[in-house]
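Shown here: entry_12.tsv, TSV, C-alpha atoms.
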chain	number	residue	atom	x	y	z
A	233	MET	CA	101.41	229.46	154.63
A	234	PHE	CA	103.96	227.78	152.39
A	235	GLY	CA	103.48	227.78	148.65
A	236	ALA	CA	105.18	228.09	145.27
A	237	LYS	CA	103.79	231.60	144.70
A	238	THR	CA	105.12	233.10	147.93
A	239	LYS	CA	108.28	235.17	148.07
A	240	ASP	CA	110.00	232.61	150.28
A	241	ASN	CA	113.57	233.44	149.29
A	242	VAL	CA	113.22	237.07	150.37
A	243	PHE	CA	112.65	236.07	153.98
A	244	PHE	CA	114.77	232.93	154.21
A	245	GLY	CA	117.65	234.75	152.55
A	246	ALA	CA	117.30	237.56	155.09
A	247	PHE	CA	117.38	235.12	158.00
A	248	SER	CA	120.50	233.44	156.65
A	249	ASP	CA	122.27	236.72	155.92
A	250	HIS	CA	121.47	238.12	159.35
A	251	ALA	CA	122.67	234.97	161.09
A	252	ALA	CA	125.90	235.11	159.10
A	253	LYS	CA	126.53	238.69	160.29
A	254	SER	CA	126.10	237.56	163.89
A	255	VAL	CA	128.56	234.71	163.42
A	256	GLU	CA	131.12	237.11	161.93
A	257	ALA	CA	130.59	239.63	164.74
A	258	ALA	CA	130.86	236.92	167.41
A	259	LYS	CA	134.20	235.80	166.01
A	260	LEU	CA	135.42	239.40	166.05
A	261	LEU	CA	134.31	239.74	169.67
A	262	LEU	CA	136.28	236.66	170.65
A	263	GLU	CA	139.28	238.11	168.85
A	264	MET	CA	138.85	241.34	170.83
A	265	LEU	CA	138.89	239.45	174.10
A	266	GLU	CA	141.95	237.47	173.09
A	267	HIS	CA	143.76	240.58	171.78
A	268	PRO	CA	142.49	243.60	173.76
A	269	ASP	CA	145.29	245.74	172.32
A	270	ARG	CA	143.37	245.64	169.01
A	271	LYS	CA	139.98	246.35	170.52
A	272	GLU	CA	139.41	249.74	168.90
A	273	SER	CA	139.81	248.56	165.31
A	274	LEU	CA	137.94	245.32	165.93
A	275	ALA	CA	135.07	247.21	167.56
A	276	LEU	CA	134.69	249.21	164.36
A	277	ASP	CA	134.44	245.96	162.41
A	278	VAL	CA	131.77	244.68	164.80
A	279	GLY	CA	129.89	247.96	164.34
A	280	GLU	CA	129.88	247.43	160.58
A	281	LYS	CA	128.36	243.97	161.03
A	282	GLU	CA	125.72	245.39	163.36
A	283	GLY	CA	124.88	248.14	160.87
A	284	ALA	CA	124.48	245.56	158.11
A	285	GLY	CA	122.23	243.53	160.39
A	286	ASP	CA	120.07	246.58	161.08
A	287	ARG	CA	119.64	247.14	157.36
A	288	ILE	CA	118.59	243.53	156.86
A	289	THR	CA	116.10	243.84	159.71
A	290	HIS	CA	114.55	247.04	158.38
A	291	GLU	CA	114.29	245.65	154.86
A	292	THR	CA	112.74	242.41	156.13
A	293	LEU	CA	110.10	244.25	158.14
A	294	LYS	CA	109.38	246.48	155.14
A	295	ARG	CA	108.92	243.41	152.93
A	296	LEU	CA	106.76	241.82	155.59
A	297	HIS	CA	104.46	244.85	155.53
A	298	GLU	CA	104.31	244.80	151.72
A	299	THR	CA	103.87	241.03	151.19
A	300	TRP	CA	100.39	239.57	151.15
A	301	ILE	CA	101.27	235.87	151.35
A	302	THR	CA	104.25	235.03	153.55
A	303	PRO	CA	106.16	231.73	153.80
A	304	LEU	CA	105.75	231.66	157.59
A	305	ASP	CA	103.33	233.17	160.04
A	306	ARG	CA	103.90	236.93	160.16
A	307	PHE	CA	104.47	236.87	163.90
A	308	ASP	CA	107.15	234.16	163.49
A	309	ILE	CA	108.94	236.18	160.81
A	310	HIS	CA	108.88	239.30	162.97
A	311	SER	CA	110.01	237.41	166.07
A	312	LEU	CA	112.80	235.59	164.30
A	313	VAL	CA	114.37	238.61	162.63
A	314	SER	CA	113.98	240.62	165.85
A	315	LYS	CA	115.77	238.00	167.96
A	316	LEU	CA	118.51	237.71	165.36
A	317	ASP	CA	118.91	241.46	165.58
A	318	ASP	CA	119.05	241.27	169.38
A	319	VAL	CA	122.00	238.86	169.22
A	320	LEU	CA	123.94	241.22	167.00
A	321	ASP	CA	123.04	244.25	169.12
A	322	LEU	CA	124.33	242.54	172.26
A	323	ILE	CA	127.58	241.51	170.61
A	324	GLU	CA	128.12	245.11	169.58
A	325	ALA	CA	127.24	246.27	173.10
A	326	VAL	CA	130.05	244.13	174.52
A	327	SER	CA	132.53	245.33	171.91
A	328	GLU	CA	131.70	248.97	172.66
A	329	ARG	CA	132.07	248.45	176.40
A	330	LEU	CA	135.48	246.86	175.98
A	331	VAL	CA	136.58	250.14	174.42
A	332	LEU	CA	134.65	252.52	176.68
A	333	PHE	CA	135.76	250.68	179.84
A	334	GLU	CA	139.36	250.87	178.59
A	335	ILE	CA	139.86	247.15	179.13
A	336	THR	CA	143.52	246.17	178.80
A	337	ALA	CA	143.56	242.88	180.70
A	338	VAL	CA	140.76	240.40	180.06
A	339	ARG	CA	139.52	238.05	182.74
A	340	PRO	CA	139.72	234.39	181.62
A	341	PRO	CA	136.01	233.60	182.14
A	342	ALA	CA	135.13	236.29	179.61
A	343	VAL	CA	137.19	234.60	176.91
A	344	GLU	CA	135.77	231.24	177.92
A	345	LEU	CA	132.22	232.59	177.88
A	346	ALA	CA	132.61	234.24	174.47
A	347	GLY	CA	134.44	231.30	172.93
A	348	ALA	CA	134.08	227.89	174.50
A	349	ALA	CA	130.93	229.06	176.25
A	350	GLN	CA	129.23	229.71	173.10
A	351	VAL	CA	128.70	233.12	171.60
A	352	VAL	CA	130.60	231.70	168.63
A	353	ARG	CA	129.65	228.04	168.99
A	354	ALA	CA	125.98	228.80	169.62
A	355	ASP	CA	125.87	231.03	166.56
A	356	ALA	CA	127.36	228.40	164.28
A	357	PRO	CA	124.56	225.80	164.57
A	358	ARG	CA	122.01	228.58	164.48
A	359	ASP	CA	123.50	229.84	161.22
A	360	ALA	CA	123.24	226.33	159.82
A	361	ALA	CA	119.65	226.03	161.03
A	362	VAL	CA	118.10	229.17	159.60
A	363	PRO	CA	118.40	228.27	155.88
A	364	GLN	CA	116.81	224.89	156.55
A	365	LEU	CA	113.60	226.61	157.56
A	366	ALA	CA	112.64	226.71	153.90
A	367	ALA	CA	112.60	222.91	153.84
A	368	LYS	CA	110.94	222.59	157.27
A	369	SER	CA	113.62	220.04	158.08
A	370	LYS	CA	113.18	218.04	161.27
A	371	GLU	CA	116.97	218.10	161.60
A	372	LEU	CA	116.40	221.59	162.95
A	373	LEU	CA	115.04	220.03	166.14
A	374	ASP	CA	118.40	218.34	166.76
A	375	ILE	CA	120.22	221.60	166.09
A	376	GLY	CA	117.91	223.30	168.58
A	377	VAL	CA	118.79	220.72	171.23
A	378	GLU	CA	122.48	221.40	170.65
A	379	ILE	CA	122.01	225.16	170.95
A	380	ASN	CA	120.13	224.65	174.22
A	381	ARG	CA	122.95	222.48	175.53
A	382	LEU	CA	125.53	225.10	174.60
A	383	GLU	CA	123.49	227.85	176.26
A	384	ASN	CA	123.31	225.80	179.46
A	385	GLU	CA	127.07	225.42	179.37
A	386	ALA	CA	127.38	229.19	178.98
A	387	ASP	CA	125.15	229.63	182.04
A	388	HIS	CA	127.58	227.61	184.17
A	389	ILE	CA	130.58	229.62	182.99
A	390	TYR	CA	128.71	232.88	183.57
A	391	ARG	CA	127.84	231.93	187.14
A	392	ARG	CA	131.40	230.88	187.86
A	393	GLY	CA	132.72	234.14	186.45
A	394	ILE	CA	130.31	236.18	188.57
A	395	ALA	CA	131.21	234.18	191.68
A	396	GLU	CA	134.91	234.91	191.11
A	397	LEU	CA	134.18	238.65	190.95
A	398	TYR	CA	132.46	238.64	194.34
A	399	ARG	CA	134.65	236.09	196.10
A	400	THR	CA	135.88	237.26	199.49
A	401	GLY	CA	139.50	238.28	199.35
A	402	SER	CA	139.60	238.43	195.55
A	403	GLY	CA	141.26	241.84	195.69
A	404	ILE	CA	139.31	243.07	192.66
A	405	GLU	CA	138.58	246.79	192.77
A	406	PRO	CA	134.84	247.63	193.02
A	407	VAL	CA	134.88	249.56	189.73
A	408	GLU	CA	136.40	246.54	187.99
A	409	ILE	CA	133.69	244.33	189.44
A	410	MET	CA	131.07	246.66	187.99
A	411	LYS	CA	132.72	246.65	184.56
A	412	TRP	CA	133.06	242.88	184.35
A	413	ARG	CA	129.58	242.20	185.73
A	414	ASP	CA	128.21	244.37	182.93
A	415	LEU	CA	130.34	242.61	180.29
A	416	TYR	CA	129.43	239.12	181.54
A	417	ASP	CA	125.73	240.03	181.60
A	418	ASN	CA	125.73	241.19	177.99
A	419	ILE	CA	127.66	238.18	176.69
A	420	GLU	CA	125.30	235.88	178.56
A	421	ASP	CA	122.29	237.77	177.20
A	422	ALA	CA	123.62	237.17	173.67
A	423	THR	CA	123.68	233.41	174.26
A	424	ASP	CA	120.15	233.62	175.67
A	425	ARG	CA	118.95	235.33	172.49
A	426	CYS	CA	120.59	232.53	170.46
A	427	GLU	CA	118.46	230.10	172.41
A	428	ASP	CA	115.39	232.24	171.70
A	429	VAL	CA	116.14	231.94	167.98
A	430	ALA	CA	116.39	228.17	168.34
A	431	ASN	CA	113.07	228.03	170.17
A	432	ILE	CA	111.31	230.05	167.46
A	433	VAL	CA	112.77	227.81	164.75
A	434	GLU	CA	111.68	224.73	166.70
A	435	GLY	CA	108.16	226.11	166.97
A	436	VAL	CA	108.01	226.75	163.23
A	437	VAL	CA	109.15	223.20	162.43
A	438	LEU	CA	106.57	221.69	164.76
A	439	GLU	CA	103.80	223.94	163.41
A	440	TYR	CA	104.42	222.91	159.79
A	441	ALA	CA	105.39	219.28	160.43
Represent the structure contained in this file as structure tokens.
Amino acid sequence: MFGAKTKDNVFFGAFSDHAAKSVEAAKLLLEMLEHPDRKESLALDVGEKEGAGDRITHETLKRLHETWITPLDRFDIHSLVSKLDDVLDLIEAVSERLVLFEITAVRPPAVELAGAAQVVRADAPRDAAVPQLAAKSKELLDIGVEINRLENEADHIYRRGIAELYRTGSGIEPVEIMKWRDLYDNIEDATDRCEDVANIVEGVVLEYA
């Protein structure tokens, strides 16, 4: 329930901080794809963001266990912080693979998927949406629609990128196909988790409207 005596800021602040870490990590990932020669140092930066996100998640769950009256349903709080953490984990997974797979030349759809196809752009409206939970703003519904649109756009780019990998006569080595399929899958999964966050936020707004 909502109320003046609840520790609202503890949870809403955690949501906002976690979302901000994902936005920062997503921008670093795009930079890695645009400048693969700097991937090692940028991957370390992404790892720091992911570590900070983990700490926020653990502290939020600890507070959730210790708090009697919460500003949102306990399940919603747990789901929201968990999905936020999933986004950050997937971004880090891509950054690690870029290093482990020794990627030196990036395929254009990967840059498009991580940039124009919304790891960054889907995070931005989500980051704007999370703090508004405290006010139960109906503007969040419009932000959710935009995130869903961006995720659908990412789906199209993902499918095109996969089709290019398997196109007859592409000349791409099988091991390269395996590497890029894995990278595309993880970037796409990150955008899916962004949509999950939007859906949870939408549900909260409708529940308390």
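Counting only C-alpha atoms and comparing A:Leu265, A:Val326, A:Val377, A:Val331, the residue that lies closest to Glu427 in chain A is A:Val377.
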Just checking: using all atoms listed in the file, which residue out of A:Asp308, A:Asp249, A:Gly283, A:Leu320 ends up closest to Glu439 in chain A?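 Counting all atoms listed in the file, the residue closest to Glu439 in chain A is A:Asp308.
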CA of Thr299 in chain A sits from CA of Gly285 in chain A at a separation of 20.7 Å
Subject >> Sphere at (124.6, 245.7, 163.4), radius 12 Å, counting all atoms listed in the file: residues as a ChimeraX atom specification >> reply: /A:249-258,275-290,316-325,327
Can you pull out every residue within 10 Å of range 334-347 of chain A, counting only C-alpha atoms, but drop anything in the same chain fewer than 5 positions away, and send it as a short mmCIF file (atom, residue, chain, number, x, y, z; two decimals) with C-alpha atoms, in the coordinates of the input?
data_model
loop_
_atom_site.label_atom_id
_atom_site.label_comp_id
_atom_site.auth_asym_id
_atom_site.auth_seq_id
_atom_site.Cartn_x
_atom_site.Cartn_y
_atom_site.Cartn_z
CA ALA A 258 130.86 236.92 167.41
CA LYS A 259 134.20 235.80 166.01
CA LEU A 261 134.31 239.74 169.67
CA LEU A 262 136.28 236.66 170.65
CA GLU A 263 139.28 238.11 168.85
CA MET A 264 138.85 241.34 170.83
CA LEU A 265 138.89 239.45 174.10
CA GLU A 266 141.95 237.47 173.09
CA HIS A 267 143.76 240.58 171.78
CA PRO A 268 142.49 243.60 173.76
CA ASP A 269 145.29 245.74 172.32
CA ARG A 270 143.37 245.64 169.01
CA LYS A 271 139.98 246.35 170.52
CA GLU A 272 139.41 249.74 168.90
CA ILE A 323 127.58 241.51 170.61
CA GLU A 328 131.70 248.97 172.66
CA ARG A 329 132.07 248.45 176.40
CA VAL A 352 130.60 231.70 168.63
CA ARG A 353 129.65 228.04 168.99
CA ALA A 354 125.98 228.80 169.62
CA GLU A 385 127.07 225.42 179.37
CA ALA A 386 127.38 229.19 178.98
CA ASP A 387 125.15 229.63 182.04
CA HIS A 388 127.58 227.61 184.17
CA ILE A 389 130.58 229.62 182.99
CA TYR A 390 128.71 232.88 183.57
CA ARG A 391 127.84 231.93 187.14
CA ARG A 392 131.40 230.88 187.86
CA GLY A 393 132.72 234.14 186.45
CA ILE A 394 130.31 236.18 188.57
CA GLU A 396 134.91 234.91 191.11
CA LEU A 397 134.18 238.65 190.95
CA GLU A 408 136.40 246.54 187.99
CA LYS A 411 132.72 246.65 184.56
CA TRP A 412 133.06 242.88 184.35
CA LEU A 415 130.34 242.61 180.29
CA TYR A 416 129.43 239.12 181.54
CA ILE A 419 127.66 238.18 176.69
CA GLU A 420 125.30 235.88 178.56
CA ALA A 422 123.62 237.17 173.67
CA THR A 423 123.68 233.41 174.26
#
Query raised in the report: What gap, in Å, lies between CA of Phe247 in chain A and CA of Asp428 in chain A?
Result: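 Distance reported for this atom pair: 14.1 Å.
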7 Å contact set for range 433-435 of chain A, only C-alpha atoms, chain neighbours under 4 positions out, as a list in words
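Counting only the stated atoms, we get Leu372, Leu373, Gly376, Val429 and Glu439 of chain A.
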Computed gap from CA of Val313 in chain A to CA of Leu260 in chain A is 21.3 Å
